[in-house]
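File shown here: coords_20.csv, holding CSV, C-alpha atoms.
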```
chain,number,residue,atom,x,y,z
E,30,MET,CA,0.0,0.0,0.0
E,31,ARG,CA,1.1,3.6,-0.6
E,32,TYR,CA,0.8,6.0,2.4
E,33,THR,CA,1.2,9.7,2.4
E,34,ILE,CA,4.2,11.2,4.4
E,35,ILE,CA,4.7,14.8,5.2
E,36,ILE,CA,8.3,16.1,4.9
E,37,GLU,CA,9.2,19.3,6.7
E,38,ARG,CA,12.4,21.3,6.4
E,39,GLY,CA,13.8,22.6,9.6
E,40,PRO,CA,16.7,25.0,10.1
E,41,ASN,CA,19.2,22.2,10.3
E,42,ASN,CA,17.5,19.1,9.1
E,43,PHE,CA,14.4,17.4,7.6
E,44,SER,CA,11.7,15.5,9.4
E,45,ALA,CA,8.8,13.4,8.3
E,46,TYR,CA,5.6,11.9,9.7
E,47,ALA,CA,2.7,9.8,8.4
E,48,PRO,CA,-0.8,11.1,9.1
E,49,ASP,CA,-2.1,7.5,9.1
E,50,PHE,CA,0.4,6.3,11.7
E,51,PRO,CA,0.5,8.9,14.6
E,52,GLY,CA,3.8,8.8,16.4
E,53,CYS,CA,5.8,7.3,13.5
E,54,VAL,CA,8.4,9.8,12.6
E,55,ALA,CA,11.9,10.2,11.2
E,56,ALA,CA,14.5,12.9,10.9
E,57,ALA,CA,17.8,13.3,9.1
E,58,ASP,CA,20.2,15.8,7.5
E,59,THR,CA,18.9,15.3,4.0
E,60,GLN,CA,15.5,14.9,2.5
E,61,GLU,CA,16.6,11.6,0.8
E,62,GLU,CA,17.8,10.1,4.0
E,63,THR,CA,14.7,11.3,5.8
E,64,ILE,CA,12.5,9.5,3.3
E,65,ARG,CA,14.6,6.3,3.5
E,66,LEU,CA,14.4,6.4,7.3
E,67,MET,CA,10.6,7.0,7.2
E,68,GLU,CA,10.1,4.0,4.9
E,69,GLU,CA,12.0,1.9,7.4
E,70,ALA,CA,10.1,3.3,10.3
E,71,LEU,CA,6.8,2.7,8.6
E,72,GLN,CA,7.7,-0.9,7.7
E,73,MET,CA,8.7,-1.7,11.3
E,74,HIS,CA,5.6,0.0,12.6
E,75,VAL,CA,3.3,-2.0,10.3
E,76,GLU,CA,5.1,-5.3,11.2
E,77,ASP,CA,4.7,-4.5,14.9
E,78,MET,CA,1.0,-3.8,14.4
E,79,ARG,CA,0.6,-7.1,12.6
E,80,GLN,CA,2.3,-9.0,15.3
E,81,ARG,CA,0.0,-7.4,17.9
E,82,GLY,CA,-3.0,-8.3,15.8
E,83,GLU,CA,-3.9,-4.6,15.3
E,84,PRO,CA,-5.7,-3.6,12.1
E,85,ILE,CA,-3.6,-1.8,9.6
E,86,PRO,CA,-5.3,1.5,8.6
E,87,PRO,CA,-6.1,1.9,4.9
E,88,PRO,CA,-4.2,4.8,3.3
E,89,SER,CA,-6.1,8.1,3.6
E,90,ALA,CA,-6.8,10.1,0.5
E,91,ALA,CA,-4.3,12.7,-0.4
E,92,ARG,CA,-4.1,15.3,-3.1
E,93,GLU,CA,-1.4,17.6,-4.3
E,94,ILE,CA,-2.2,21.0,-5.6
E,95,GLU,CA,0.0,23.6,-7.2
E,96,VAL,CA,-0.3,27.3,-6.2
E,97,THR,CA,1.2,30.0,-8.2
E,98,ALA,CA,2.9,32.5,-5.9
```
Target format structure tokens, applied to this file:
Amino acid sequence: MRYTIIIERGPNNFSAYAPDFPGCVAAADTQEETIRLMEEALQMHVEDMRQRGEPIPPPSAAREIEVTA
């Protein structure tokens, strides 16, 4: 399944979270590394939920829009 992640740029690094999985986060020096770490974190989170017998949430709907500034 494909889940939406939000990537934010901070003053010194990048961070990411997944709206469908509260508390599952990652941070790193680069956007690419943050995405890689977030993928790993989500995989571990889903595996843990499966082991506990918890339901895996379906991906929430997401849209991207372009705004001309």
- Message: Can you tell me which residues surround segment 66-81 of chain E at a distance of at most 8 Å, considering only C-alpha atoms, apart from same-chain residues fewer than 4 positions away, and format the answer as number ranges by chain?
- Response: E: 45-46, 50, 53-57, 62, 85
- Item | Residue among E:Thr59, E:Ile64, E:Pro84, E:Ala98 lying closest to Ile34 of chain E, counting all atoms listed in the file | E:Ile64
- To one decimal in Å, tell me the separation between atom CA of Val96 of chain E and atom CA of Gln60 of chain E.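 Taking atom CA of Val96 of chain E as the start and atom CA of Gln60 of chain E as the end point, the length is 21.9 Å.
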- Given the choices E:Gly52, E:Pro40, E:Glu61, E:Ala47, which gets closest to Pro88 of chain E if the distance is worked out from all atoms listed in the file?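 Nearest candidate to Pro88 of chain E out of E:Gly52, E:Pro40, E:Glu61, E:Ala47: E:Ala47.
Here atom CA of Thr63 of chain E stands at a distance of 12.6 Å from atom CA of Asn41 of chain E.
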- Message: Excluding Asp58 of chain E and its own-chain neighbours fewer than 6 positions away, which residues fall within 10 Å of it when counting all atoms listed in the file? Please give them as a list in words.
- Response: Arg38, Gly39, Asn41, Asn42, Phe43 and Ser44 of chain E
- Query: So which one's closest to Ile35 of chain E, E:Pro48, E:Arg65, E:Thr97, E:Gly82? Using all atoms listed in the file, please.
  - Reply: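 When distances to Ile35 of chain E are compared using all atoms listed in the file, the smallest one comes from E:Pro48.
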